[in-house]
Amino acid sequence: MSNAVSDRIAAPRVRFKLSVLGPLLALLLLLILGALLNGNFLTLGNIMNVVARSASIGIIAIGATFVITSGGLDLSVGSMAAFTAGLMIIIMNALVPTLGTGWMVVVVGMLAGLLIGGGAGAANGLLVTAGRIEPFIVTLGTLGIFRALITFLANGGTLNLNFKVADVYSPIYSGNIAGIPVPIIVFAVIAIAAEIVLRRTKFGRHAAAIGSSEQVARYSAINVDRVRLMTYALQGALVGVATMLYVPRFGSANSSTAVLWELQAIAAVIIGGTMLKGGFGRIWGTVVGVIILELIGNILNLQSLISPYLNQAFQGAIIIVAVLLQRSKRAAD
Amino acid sequence: MEENSASLAGVAVSKSFGPVQVLYGIDLTLRSGEVHALIGENGAGKSTLMKVLCGYQGPTSGHLLLDGQRVVFHDSADAEHKGVVLIHQEFNLAEQLSVEANIFLGREMQAGALLDRRGMHDRSLQLLRELETEIDPRQLVADLSVPEKQMVEIAKALVRDARVLVMDEPTAVLTAKESEVLFKQIERLRQQGVAILYTSHKLDEVKSIANVVTVLRDGRHVITAPVSDMSVDQMATHMVGRDVSDLFPQKSVLAGSEIVLEVEHLSVPGRVFDASFALRRGEILGFAGLVGSGRTELMEGLVGLRHADGSIKINGAPIRIRSLRDASRHRLAYLTEDRKGHGLLLNMRMRPNLTLLGLDRFVHGLIDEKAEEKALEKAISDFDIRAGDRTVRVGNLSGGNQQKLLLAKTMLVEPDIVIIDEPTRGIDIGTKQQIYSFIDRLARSGKSVIVISSEMAEVIGLSHRVMVMKAGRIVGELEGRDIGEESIVRYAMGLAGSAAA
C-alpha cells in the first residue's frame with residue numbers, strides 16, 4: 001500500500017464494520033426471534049434469569065479473554081471450577097464446628113475459593129512461563145488433574161454443603177439488590193472493571209502486545225513472563241469468583257460439575273470478536289457472546305418446533321459463523 | 001525454454017485499493033533474456049506492480065500480456081503454473097519443513113502413491129549446489145540464516161521452471177559476497193532466456209546487473225531506459241524527483257573525549273568473544289562486518305536481550321544489565337534490525353506501537369490516551385511519518401514509515417545512548433537521507449549513537465569511528481580519514497593481519 005498516494009485521501013472512511021457489530025446484531029436477532037416464538041420470552045424476569053444463569057461462565061470467559069488476548073489458552077477452567085467448588089464445600093463444612101453456621105463460614109469459604117482459584121491459575125501460569133510448556137499442553141494436563149481431584153475428594157459421589165450454611169449462602173446466588181439479581185451485579189461489575197483493565201491499563205496493553213508478537217514485546221522491555229503469569233492467575237481468580245456464585249446455586253459439587261465450561265467460555269470469547277491467536281480482545285464482546293450462548297438454550301426451551309437437544313448444534317454453528325466473520329474482517333483490511 | 005521467447009507485459013495497469021489509487025496506467029514489458037530493474041522510493045508502487053504482474057492482485061484497469069496474448073491470472077498459483085514466479089521480500093517458506101520439502105512444496109515429485117523423496121532430495125541438492133550454497137536439503141528452514149533462505153526461495157522458483165522471475169529486493173538481506181553469487185545466478189538464468197524483473201534500493205547494483213531500468217514515482221511511470229544510458233545519480237534523481245547528491249550530512253566535530261559507555265571483555269556464549277570498546281559523548285560509532293559476524297549479538301548482549309558476561313560502565317560507573325528494562329533505566333536503547341519481527345506490532349495501530357516501550361510515561365493510574373494521541377501527533381511531525389489515516393495498521397505502512405515509527409518509539413524514552421541496528425534496511429533513498437540527518441542531529445545534541453550496518457557507504461558516511469567485527473570478535477578500529485571501504489573490507493575478511501584496537 002502506498003503512503004505517498006494515501007496521503008491524498010482526506011475523507012475519513014465511514015464503513016459498516018460487521019466484525020464490530022456482528023455479535024450485537026446476532027444478539028438482536030435472537031431477541032427478536034425469541035419474542036416471536038414465545039410471548040413470555042421478552043419479559044424482564046426471563047431475561048434477568050438468562051443473564052443470571054450465564055454469570056458464572058461469563059466471569060470465567062472474561063478471564064479467558066485476557067488469556068486468549070495475550071496469545072494463551074486455558075482449557076482447565078471447568079475442572080478448576082469443580083475442584084474449587086469441592087474444596088470450598090469441604091472447607092466450609094470443616095469450619096462449621098468452630099465458626100458455626102453463620103456468615104463467617106460463608107465469607108471464609110468465599111475467600112478460600114478466590115485463593116484456590118488464583119493459586120490454581122498461577123500454577124498454570126508458572127508451568128507455561130517458567131516451565132516453557134505450550135499452554136494447550138499445560139492446561140490439558142491440569143484439566144485432567146483438577147477433574148480427578150474433585151472426583152477423588154467426593155469419593156466418586158457428591159460433596160454437599162452443610163444445609164444450614166447453604167441456607168445462609170443461598171442469597172449470593174438467588175438474592176436481589178434493588179430488584180437486580182446478585183450474580184448479574186457481580187458479573188456487570190467485573191465486566192466493566194475488566195474492560196477498563198484490558199483497554200486502559202499497562203497490564204492490558206502489554207497483554208495485547210504479547211499476543212500480537214511476543215518478540216516485539218520482549219524487545220520493548222516488557223516482562224513477558226510476568227504478564228503471562230498474571231493473565232493465568234487472573235483467570236484462576238475469576239474462576240474462584242464464578243465458583244463463589246455457583247456453590248450457593250446447588251450447594252453441592254461432584255465430578256460432573258462445570259463439565260465443558262472451558263469450551264463454553266472459549267466459544268463466548270471467540271463469538272465476541274477476540275482473536276483466538278491473540279493480539280486483540282474485547283470484554284463487552286465476550287459478555288455478549290456468553291449471553292448469546294445462554295439465549296439459544298433459553299429460546300429452544302421456550303418453543304416446540306425444534307428439539308432443545310439441538311442446543312449445542314446451534315451454539316457450534318454460531319461459533320463457526322463468528323470465526324468466518326473474523327476472517328472476512330481480515331480480508332477487508 | 002530457449003526458443004520460447006517468454007515475455008510478460010503490463011499494459012496501462014492501474015490499481016486502486018478502495019479510494020486510494022496506487023498505480024496509474026503503468027506500461028512495462030519484460031523480455032526474455034533481459035534483466036529489468038524496477039526502482040522507486042518506498043510507496044512508489046513497486047510492490048503492488050509486482051503483485052499485479054504475478055497474479056497476487058488483479059489490476060483495477062489495464063491488462064497483462066503473456067507471450068503477446070492477453071492473460072488473466074486467477075491467483076498466484078495460476079501465474080506460477082504459467083511460469084511467472086514472484087520471490088517475496090518476506091520469505092514464503094514453511095519454517096518447520098526441510099529445505100527440500102519447501103523447494104518442492106505444492107509440486108512434490110511422486111513415486112506411485114508415495115513421495116519420491118530420493119528424487120526430490122537429489123534435485124534439491126543439485127539446484128543448491130548450482131546456486132553455490134552449502135545448504136543441506138534436509139535441514140529445517142527454521143535453522144537457516146536469512147541469506148540461506150533467500151537461496152532456497154530461488155531454488156524453489158527454479159524448480160517451478162520460471163520463465164518470468166520477479167524478485168522483490170533480493171539483495172536487501174544479503175552481504176556483498178552473497179549478492180555476487182546471486183548475480184551470477186541471475187546472469188545464468190538470463191542467458192537461459194528467463195525474463196527477470198528485479199527491485200533494489202542499491203543503485204550501483206542495478207547499474208551493474210540490469211539491462212533495462214524502469215523508474216516509478218508516486219505510482220506513475222517516470223522513465224524506462226537501457227541501464228547504459230543512465231548514471232546512478234540520474235536514477236536517484238528520477239526516483240526522488242530532486243537532487244540527492246548530499247545523502248550524508250557533514251560529520252560533526254567531536255567536542256570532547258568524554259566516555260559515556262565503556263564495554264570490556266563482553267562475551268555472548270558461542271556468538272561474541274571478548275569484545276571491548278568505548279563510546280564518546282556525541283559520537284557516532286559504526287559497527288561493520290559481514291552478516292553473522294556477531295554485531296547484533298554483541299549489542300543484544302549489551303542491552304540484556306541475550307545472556308552476556310563482561311563489564312559495562314556508563315559514565316564511568318560500573319553497572320549490570322540483565323534485561324532490557326535495566327538498559328532502559330540506564331538510558332540505553334536498542335533499535336532492532338528486524339522491525340517487522342521484533343520492532344513493531346504489525347496488527348496494531350500507530351498509537352500503541354509508539355508508546356509500547358515508554359508506556360510508563362503515559363500511565364497515571366490508567367493509560368492517558370489523550371497524552372498518547374498528542375505524542376503520536378508530535379512523532380508524526382518530528383519524524384515525518386506519512387500515513388494517510390492514523391488508524392491504519394502498522395503492517396500497512398511502508399518500510400520507511402515503519403522505520404520512522406520505530407525510531408520515534410525508541411526516542412520517546414529519551415535515551416542517552418542509542419544503538420541502531422541496520423537503520424535503513426530496505427527503505428528508499430529519500431527516507432534514508434532523513435534518517436541519516438536524524439542520526440546526525442542526535443549526535444550533535446550530545447547523545448551517543450552506535451550504528452550497525454551492512455551497507456558500507458552508510459558506515460563510512462556516518463561514523464566518526466568504525467569497529468570491524470569478524471567471527472564474533474572485534475578485529476579492527478578505524479577513525480577519521482582511515483575509514484574507508486578497503487580498510488573495512490580488509491579487516492572484515494581477515495586480511496589485515498592481527499587485531500588492532
# chains A, B, ... in the order shown; residues from 1 in each chain; ligands from 1

$ residues_around --residues "stretch 148-151 of chain A" --least-positions-apart "5" --cutoff "6 Å" --atoms "only C-alpha atoms" --output "PDB file with C-alpha atoms, in the first residue's frame"
ATOM      1  CA  PHE A  83     -12.207 -28.562  42.107  1.00  0.00           C
ATOM      2  CA  GLY A 156     -16.831 -40.652  43.324  1.00  0.00           C
ATOM      3  CA  SER A 255     -17.320 -34.986  39.202  1.00  0.00           C
TER       4      SER A 255
END

$ interface_residues --of "chain B" --to "chain A" --cutoff "9 Å" --atoms "only C-alpha atoms" --output "number ranges by chain"
B: 17, 19-22, 42-45, 47-48, 218-219, 305, 323-328, 334-336, 339-348, 352-353, 356-360, 363, 365-369, 386-389, 393, 396-398, 401, 410

$ residues_around --residues "stretch 103-120 of chain A" --least-positions-apart "3" --cutoff "9 Å" --atoms "only C-alpha atoms" --output "ChimeraX atom specification"
/A:80-81,83-85,87-89,91-93,95-96,99-100,123-125,142,165-166,168-169,232-241,243-244

$ select_by_dssp --residues "stretch 245-462 of chain B" --states "strand (DSSP E)" --output "ChimeraX atom specification"
/B:259-268,272-280,284-289,309-314,317-319,332-335,363-364,366-367,417-421,448-452

$ residues_around --residues "stretch 301-313 of chain A" --least-positions-apart "2" --cutoff "12 Å" --atoms "only C-alpha atoms" --output "MDAnalysis selection string"
chainID A and resid 33:42 46 50 260 263:264 267 292:299 315:320

$ write_last_selection --atoms "N, CA, C and O atoms" --output "compact mmCIF listing (two decimals), in the first residue's frame"
# COMPACT_ATOMS: atom_id res chain seq x y z
N LEU A 33 -36.22 -13.11 17.47
CA LEU A 33 -36.68 -14.47 17.24
C LEU A 33 -37.40 -15.03 18.47
O LEU A 33 -38.48 -15.60 18.38
N GLY A 34 -36.76 -14.81 19.62
CA GLY A 34 -37.33 -15.32 20.87
C GLY A 34 -38.70 -14.71 21.13
O GLY A 34 -39.66 -15.39 21.52
N ALA A 35 -38.80 -13.39 20.88
CA ALA A 35 -40.06 -12.70 21.13
C ALA A 35 -41.17 -13.22 20.22
O ALA A 35 -42.32 -13.36 20.63
N LEU A 36 -40.78 -13.53 18.97
CA LEU A 36 -41.78 -14.04 18.03
C LEU A 36 -42.26 -15.43 18.44
O LEU A 36 -43.42 -15.78 18.24
N LEU A 37 -41.34 -16.22 18.97
CA LEU A 37 -41.69 -17.60 19.27
C LEU A 37 -42.51 -17.75 20.54
O LEU A 37 -43.32 -18.65 20.66
N ASN A 38 -42.26 -16.89 21.51
CA ASN A 38 -42.94 -17.06 22.79
C ASN A 38 -43.16 -15.72 23.47
O ASN A 38 -42.21 -14.95 23.64
N GLY A 39 -44.37 -15.46 23.81
CA GLY A 39 -44.71 -14.18 24.41
C GLY A 39 -44.04 -13.94 25.75
O GLY A 39 -43.84 -12.80 26.16
N ASN A 40 -43.65 -15.01 26.42
CA ASN A 40 -43.03 -14.85 27.73
C ASN A 40 -41.53 -14.56 27.65
O ASN A 40 -40.88 -14.32 28.65
N PHE A 41 -41.01 -14.64 26.41
CA PHE A 41 -39.57 -14.53 26.26
C PHE A 41 -39.04 -13.17 26.68
O PHE A 41 -38.12 -13.05 27.48
N LEU A 42 -39.64 -12.11 26.14
CA LEU A 42 -39.10 -10.77 26.38
C LEU A 42 -39.59 -10.16 27.69
O LEU A 42 -39.72 -8.96 27.79
N ASN A 46 -37.61 -13.24 32.58
CA ASN A 46 -36.91 -14.24 31.78
C ASN A 46 -35.50 -13.78 31.41
O ASN A 46 -34.53 -14.53 31.53
N VAL A 50 -31.91 -15.41 32.42
CA VAL A 50 -30.90 -15.85 31.46
C VAL A 50 -29.53 -15.27 31.82
O VAL A 50 -28.52 -15.99 31.88
N LEU A 260 -17.26 -29.12 30.63
CA LEU A 260 -17.25 -28.41 29.34
C LEU A 260 -17.42 -26.89 29.46
O LEU A 260 -17.64 -26.21 28.46
N LEU A 263 -15.04 -24.96 27.16
CA LEU A 263 -15.40 -24.75 25.76
C LEU A 263 -16.45 -23.66 25.60
O LEU A 263 -16.41 -22.86 24.68
N GLN A 264 -17.38 -23.61 26.56
CA GLN A 264 -18.38 -22.53 26.55
C GLN A 264 -17.69 -21.18 26.67
O GLN A 264 -18.03 -20.23 25.97
N ALA A 267 -15.76 -20.39 23.54
CA ALA A 267 -16.72 -20.07 22.48
C ALA A 267 -17.24 -18.64 22.64
O ALA A 267 -17.29 -17.88 21.67
N ILE A 292 -25.44 -14.66 24.30
CA ILE A 292 -25.94 -15.31 23.09
C ILE A 292 -26.05 -16.82 23.32
O ILE A 292 -27.08 -17.44 23.02
N LEU A 293 -24.99 -17.41 23.85
CA LEU A 293 -25.00 -18.86 24.06
C LEU A 293 -26.13 -19.28 25.00
O LEU A 293 -26.82 -20.27 24.77
N GLU A 294 -26.33 -18.49 26.06
CA GLU A 294 -27.37 -18.83 27.03
C GLU A 294 -28.77 -18.63 26.42
O GLU A 294 -29.68 -19.42 26.66
N LEU A 295 -28.90 -17.60 25.59
CA LEU A 295 -30.20 -17.32 24.98
C LEU A 295 -30.64 -18.43 24.03
O LEU A 295 -31.82 -18.75 23.94
N ILE A 296 -29.66 -19.01 23.32
CA ILE A 296 -30.02 -20.07 22.39
C ILE A 296 -30.72 -21.20 23.14
O ILE A 296 -31.79 -21.67 22.74
N GLY A 297 -30.12 -21.59 24.26
CA GLY A 297 -30.73 -22.65 25.07
C GLY A 297 -32.11 -22.24 25.56
O GLY A 297 -33.07 -23.01 25.50
N ASN A 298 -32.20 -20.99 26.00
CA ASN A 298 -33.45 -20.48 26.53
C ASN A 298 -34.55 -20.48 25.48
O ASN A 298 -35.67 -20.95 25.72
N ILE A 299 -34.21 -20.01 24.28
CA ILE A 299 -35.21 -19.95 23.20
C ILE A 299 -35.66 -21.36 22.82
O ILE A 299 -36.85 -21.62 22.61
N GLN A 315 -25.21 -23.67 19.04
CA GLN A 315 -24.04 -22.98 19.60
C GLN A 315 -22.84 -23.18 18.71
O GLN A 315 -22.09 -22.24 18.42
N GLY A 316 -22.64 -24.41 18.27
CA GLY A 316 -21.49 -24.72 17.42
C GLY A 316 -21.53 -23.92 16.12
O GLY A 316 -20.53 -23.34 15.69
N ALA A 317 -22.71 -23.88 15.52
CA ALA A 317 -22.85 -23.15 14.25
C ALA A 317 -22.50 -21.68 14.44
O ALA A 317 -21.84 -21.07 13.60
N ILE A 318 -22.96 -21.12 15.57
CA ILE A 318 -22.70 -19.70 15.81
C ILE A 318 -21.20 -19.42 15.94
O ILE A 318 -20.68 -18.43 15.44
N ILE A 319 -20.49 -20.34 16.60
CA ILE A 319 -19.04 -20.16 16.74
C ILE A 319 -18.38 -20.13 15.36
O ILE A 319 -17.55 -19.28 15.08
N ILE A 320 -18.79 -21.06 14.52
CA ILE A 320 -18.17 -21.14 13.20
C ILE A 320 -18.47 -19.87 12.40
O ILE A 320 -17.59 -19.29 11.77

$ closest_residue --among "A:Ile177, A:Val182, A:Leu28, A:Val288" --to "A:Ala265" --atoms "only C-alpha atoms"
A:Val288

$ select_by_dssp --residues "stretch 187-296 of chain B" --states "alpha helix (DSSP H)" --output "list in words"
Glu187, Arg188, Leu189, Arg190, Gln191, Leu203, Asp204, Glu205, Val206, Lys207, Ser208, Ile209, Val232, Asp233, Gln234, Met235, Ala236, Thr237, His238, Met239, Val240, Arg295 and Thr296 of chain B

$ write_last_selection --atoms "N, CA, C and O atoms" --output "mmCIF file, in the first residue's frame"
data_model
loop_
_atom_site.group_PDB
_atom_site.id
_atom_site.type_symbol
_atom_site.label_atom_id
_atom_site.label_comp_id
_atom_site.auth_asym_id
_atom_site.auth_seq_id
_atom_site.Cartn_x
_atom_site.Cartn_y
_atom_site.Cartn_z
ATOM 1 N N GLU B 187 22.463 -13.899 -13.870
ATOM 2 C CA GLU B 187 23.070 -13.869 -15.199
ATOM 3 C C GLU B 187 22.857 -15.200 -15.918
ATOM 4 O O GLU B 187 22.523 -15.260 -17.097
ATOM 5 N N ARG B 188 23.017 -16.297 -15.166
ATOM 6 C CA ARG B 188 22.856 -17.621 -15.746
ATOM 7 C C ARG B 188 21.408 -17.811 -16.236
ATOM 8 O O ARG B 188 21.163 -18.287 -17.345
ATOM 9 N N LEU B 189 20.474 -17.400 -15.392
ATOM 10 C CA LEU B 189 19.065 -17.528 -15.761
ATOM 11 C C LEU B 189 18.740 -16.661 -16.971
ATOM 12 O O LEU B 189 17.985 -17.049 -17.854
ATOM 13 N N ARG B 190 19.335 -15.492 -16.994
ATOM 14 C CA ARG B 190 19.097 -14.576 -18.103
ATOM 15 C C ARG B 190 19.552 -15.220 -19.415
ATOM 16 O O ARG B 190 18.851 -15.211 -20.418
ATOM 17 N N GLN B 191 20.748 -15.827 -19.356
ATOM 18 C CA GLN B 191 21.267 -16.470 -20.561
ATOM 19 C C GLN B 191 20.385 -17.626 -21.004
ATOM 20 O O GLN B 191 20.301 -17.936 -22.185
ATOM 21 N N LEU B 203 21.497 1.202 -6.040
ATOM 22 C CA LEU B 203 21.508 1.607 -7.433
ATOM 23 C C LEU B 203 22.772 1.171 -8.168
ATOM 24 O O LEU B 203 22.729 0.879 -9.362
ATOM 25 N N ASP B 204 23.889 1.091 -7.446
ATOM 26 C CA ASP B 204 25.109 0.651 -8.117
ATOM 27 C C ASP B 204 24.958 -0.794 -8.578
ATOM 28 O O ASP B 204 25.461 -1.208 -9.619
ATOM 29 N N GLU B 205 24.201 -1.549 -7.777
ATOM 30 C CA GLU B 205 23.907 -2.931 -8.113
ATOM 31 C C GLU B 205 23.050 -2.996 -9.380
ATOM 32 O O GLU B 205 23.314 -3.784 -10.290
ATOM 33 N N VAL B 206 22.038 -2.153 -9.426
ATOM 34 C CA VAL B 206 21.171 -2.081 -10.599
ATOM 35 C C VAL B 206 22.020 -1.774 -11.823
ATOM 36 O O VAL B 206 21.911 -2.395 -12.865
ATOM 37 N N LYS B 207 22.902 -0.822 -11.641
ATOM 38 C CA LYS B 207 23.769 -0.382 -12.728
ATOM 39 C C LYS B 207 24.588 -1.568 -13.269
ATOM 40 O O LYS B 207 24.765 -1.718 -14.466
ATOM 41 N N SER B 208 25.047 -2.410 -12.361
ATOM 42 C CA SER B 208 25.956 -3.458 -12.829
ATOM 43 C C SER B 208 25.243 -4.702 -13.351
ATOM 44 O O SER B 208 25.785 -5.403 -14.176
ATOM 45 N N ILE B 209 24.026 -5.014 -12.886
ATOM 46 C CA ILE B 209 23.451 -6.272 -13.361
ATOM 47 C C ILE B 209 22.238 -6.139 -14.283
ATOM 48 O O ILE B 209 21.900 -7.076 -14.969
ATOM 49 N N VAL B 232 23.979 6.361 -12.065
ATOM 50 C CA VAL B 232 23.357 6.126 -10.762
ATOM 51 C C VAL B 232 22.712 7.422 -10.251
ATOM 52 O O VAL B 232 21.603 7.415 -9.721
ATOM 53 N N ASP B 233 23.397 8.513 -10.437
ATOM 54 C CA ASP B 233 22.848 9.797 -9.984
ATOM 55 C C ASP B 233 21.551 10.136 -10.703
ATOM 56 O O ASP B 233 20.597 10.623 -10.101
ATOM 57 N N GLN B 234 21.540 9.848 -12.002
ATOM 58 C CA GLN B 234 20.314 10.138 -12.768
ATOM 59 C C GLN B 234 19.158 9.279 -12.274
ATOM 60 O O GLN B 234 18.026 9.741 -12.163
ATOM 61 N N MET B 235 19.473 8.007 -11.972
ATOM 62 C CA MET B 235 18.416 7.129 -11.452
ATOM 63 C C MET B 235 17.839 7.710 -10.165
ATOM 64 O O MET B 235 16.627 7.805 -9.992
ATOM 65 N N ALA B 236 18.733 8.099 -9.277
ATOM 66 C CA ALA B 236 18.286 8.624 -7.982
ATOM 67 C C ALA B 236 17.457 9.880 -8.189
ATOM 68 O O ALA B 236 16.424 10.072 -7.537
ATOM 69 N N THR B 237 17.897 10.721 -9.099
ATOM 70 C CA THR B 237 17.173 11.964 -9.349
ATOM 71 C C THR B 237 15.767 11.666 -9.885
ATOM 72 O O THR B 237 14.790 12.270 -9.459
ATOM 73 N N HIS B 238 15.682 10.691 -10.797
ATOM 74 C CA HIS B 238 14.356 10.311 -11.306
ATOM 75 C C HIS B 238 13.464 9.770 -10.201
ATOM 76 O O HIS B 238 12.266 10.027 -10.173
ATOM 77 N N MET B 239 14.070 8.984 -9.317
ATOM 78 C CA MET B 239 13.280 8.366 -8.245
ATOM 79 C C MET B 239 12.695 9.408 -7.313
ATOM 80 O O MET B 239 11.528 9.345 -6.922
ATOM 81 N N VAL B 240 13.532 10.318 -6.899
ATOM 82 C CA VAL B 240 13.132 11.258 -5.852
ATOM 83 C C VAL B 240 12.480 12.494 -6.457
ATOM 84 O O VAL B 240 11.676 13.164 -5.818
ATOM 85 N N ARG B 295 27.714 -8.791 15.292
ATOM 86 C CA ARG B 295 27.451 -7.399 15.683
ATOM 87 C C ARG B 295 26.137 -7.282 16.445
ATOM 88 O O ARG B 295 26.079 -6.687 17.522
ATOM 89 N N THR B 296 25.079 -7.856 15.853
ATOM 90 C CA THR B 296 23.770 -7.792 16.500
ATOM 91 C C THR B 296 23.802 -8.495 17.844
ATOM 92 O O THR B 296 23.274 -7.997 18.844
#

$ atom_distance --atom1 "atom CA of A:Leu31" --atom2 "atom CA of A:Ile190"
24.1 Å

$ residues_around --residues "stretch 128-138 of chain B" --least-positions-apart "2" --cutoff "7 Å" --atoms "only C-alpha atoms" --output "MDAnalysis selection string"
chainID B and resid 98:100 121 124:126 140 155 185

$ residues_around --residues "B:Tyr198" --least-positions-apart "6" --cutoff "7 Å" --atoms "only C-alpha atoms" --output "PDB file with all heavy atoms, in the first residue's frame"
ATOM      1  N   HIS B  36      15.440  -6.731 -15.962  1.00  0.00           N
ATOM      2  CA  HIS B  36      14.762  -5.439 -15.921  1.00  0.00           C
ATOM      3  C   HIS B  36      14.710  -4.975 -14.469  1.00  0.00           C
ATOM      4  O   HIS B  36      14.173  -5.662 -13.629  1.00  0.00           O
ATOM      5  CB  HIS B  36      13.344  -5.623 -16.474  1.00  0.00           C
ATOM      6  CG  HIS B  36      12.671  -4.349 -16.857  1.00  0.00           C
ATOM      7  ND1 HIS B  36      12.081  -4.173 -18.082  1.00  0.00           N
ATOM      8  CD2 HIS B  36      12.503  -3.191 -16.186  1.00  0.00           C
ATOM      9  CE1 HIS B  36      11.553  -2.942 -18.127  1.00  0.00           C
ATOM     10  NE2 HIS B  36      11.810  -2.338 -16.991  1.00  0.00           N
ATOM     11  N   ALA B  37      15.298  -3.835 -14.186  1.00  0.00           N
ATOM     12  CA  ALA B  37      15.270  -3.340 -12.815  1.00  0.00           C
ATOM     13  C   ALA B  37      14.116  -2.365 -12.644  1.00  0.00           C
ATOM     14  O   ALA B  37      13.861  -1.551 -13.528  1.00  0.00           O
ATOM     15  CB  ALA B  37      16.584  -2.655 -12.474  1.00  0.00           C
ATOM     16  N   LEU B  38      13.422  -2.502 -11.530  1.00  0.00           N
ATOM     17  CA  LEU B  38      12.310  -1.606 -11.222  1.00  0.00           C
ATOM     18  C   LEU B  38      12.718  -0.840  -9.971  1.00  0.00           C
ATOM     19  O   LEU B  38      12.949  -1.431  -8.917  1.00  0.00           O
ATOM     20  CB  LEU B  38      11.043  -2.436 -10.960  1.00  0.00           C
ATOM     21  CG  LEU B  38       9.768  -1.674 -10.634  1.00  0.00           C
ATOM     22  CD1 LEU B  38       9.334  -0.825 -11.820  1.00  0.00           C
ATOM     23  CD2 LEU B  38       8.658  -2.651 -10.263  1.00  0.00           C
ATOM     24  N   VAL B 166      10.246 -12.690 -10.858  1.00  0.00           N
ATOM     25  CA  VAL B 166      10.144 -11.348 -10.299  1.00  0.00           C
ATOM     26  C   VAL B 166      10.717 -11.387  -8.896  1.00  0.00           C
ATOM     27  O   VAL B 166      10.288 -12.188  -8.063  1.00  0.00           O
ATOM     28  CB  VAL B 166       8.672 -10.882 -10.283  1.00  0.00           C
ATOM     29  CG1 VAL B 166       8.546  -9.516  -9.647  1.00  0.00           C
ATOM     30  CG2 VAL B 166       8.107 -10.864 -11.695  1.00  0.00           C
ATOM     31  N   MET B 167      11.709 -10.565  -8.640  1.00  0.00           N
ATOM     32  CA  MET B 167      12.395 -10.623  -7.346  1.00  0.00           C
ATOM     33  C   MET B 167      12.251  -9.292  -6.628  1.00  0.00           C
ATOM     34  O   MET B 167      12.667  -8.252  -7.121  1.00  0.00           O
ATOM     35  CB  MET B 167      13.875 -10.944  -7.551  1.00  0.00           C
ATOM     36  CG  MET B 167      14.099 -12.217  -8.344  1.00  0.00           C
ATOM     37  SD  MET B 167      15.841 -12.364  -8.770  1.00  0.00           S
ATOM     38  CE  MET B 167      16.294 -13.634  -7.649  1.00  0.00           C
ATOM     39  N   ASP B 168      11.661  -9.355  -5.437  1.00  0.00           N
ATOM     40  CA  ASP B 168      11.435  -8.156  -4.637  1.00  0.00           C
ATOM     41  C   ASP B 168      12.633  -7.948  -3.711  1.00  0.00           C
ATOM     42  O   ASP B 168      12.781  -8.642  -2.715  1.00  0.00           O
ATOM     43  CB  ASP B 168      10.134  -8.326  -3.833  1.00  0.00           C
ATOM     44  CG  ASP B 168       9.682  -7.030  -3.194  1.00  0.00           C
ATOM     45  OD1 ASP B 168      10.376  -6.017  -3.370  1.00  0.00           O
ATOM     46  OD2 ASP B 168       8.642  -7.046  -2.521  1.00  0.00           O
ATOM     47  N   GLU B 169      13.475  -7.027  -4.064  1.00  0.00           N
ATOM     48  CA  GLU B 169      14.651  -6.686  -3.260  1.00  0.00           C
ATOM     49  C   GLU B 169      15.430  -7.895  -2.759  1.00  0.00           C
ATOM     50  O   GLU B 169      15.598  -8.080  -1.553  1.00  0.00           O
ATOM     51  CB  GLU B 169      14.230  -5.871  -2.042  1.00  0.00           C
ATOM     52  CG  GLU B 169      13.934  -4.453  -2.416  1.00  0.00           C
ATOM     53  CD  GLU B 169      13.878  -3.587  -1.191  1.00  0.00           C
ATOM     54  OE1 GLU B 169      14.875  -3.572  -0.448  1.00  0.00           O
ATOM     55  OE2 GLU B 169      12.837  -2.964  -0.965  1.00  0.00           O
TER      56      GLU B 169
END

$ closest_residue --among "B:Arg280, B:Lys202, B:His81, B:Arg306" --to "B:His464" --atoms "only C-alpha atoms"
B:Arg280

$ atom_distance --atom1 "atom CA of B:Leu254" --atom2 "atom CA of B:Ile439"
14.5 Å
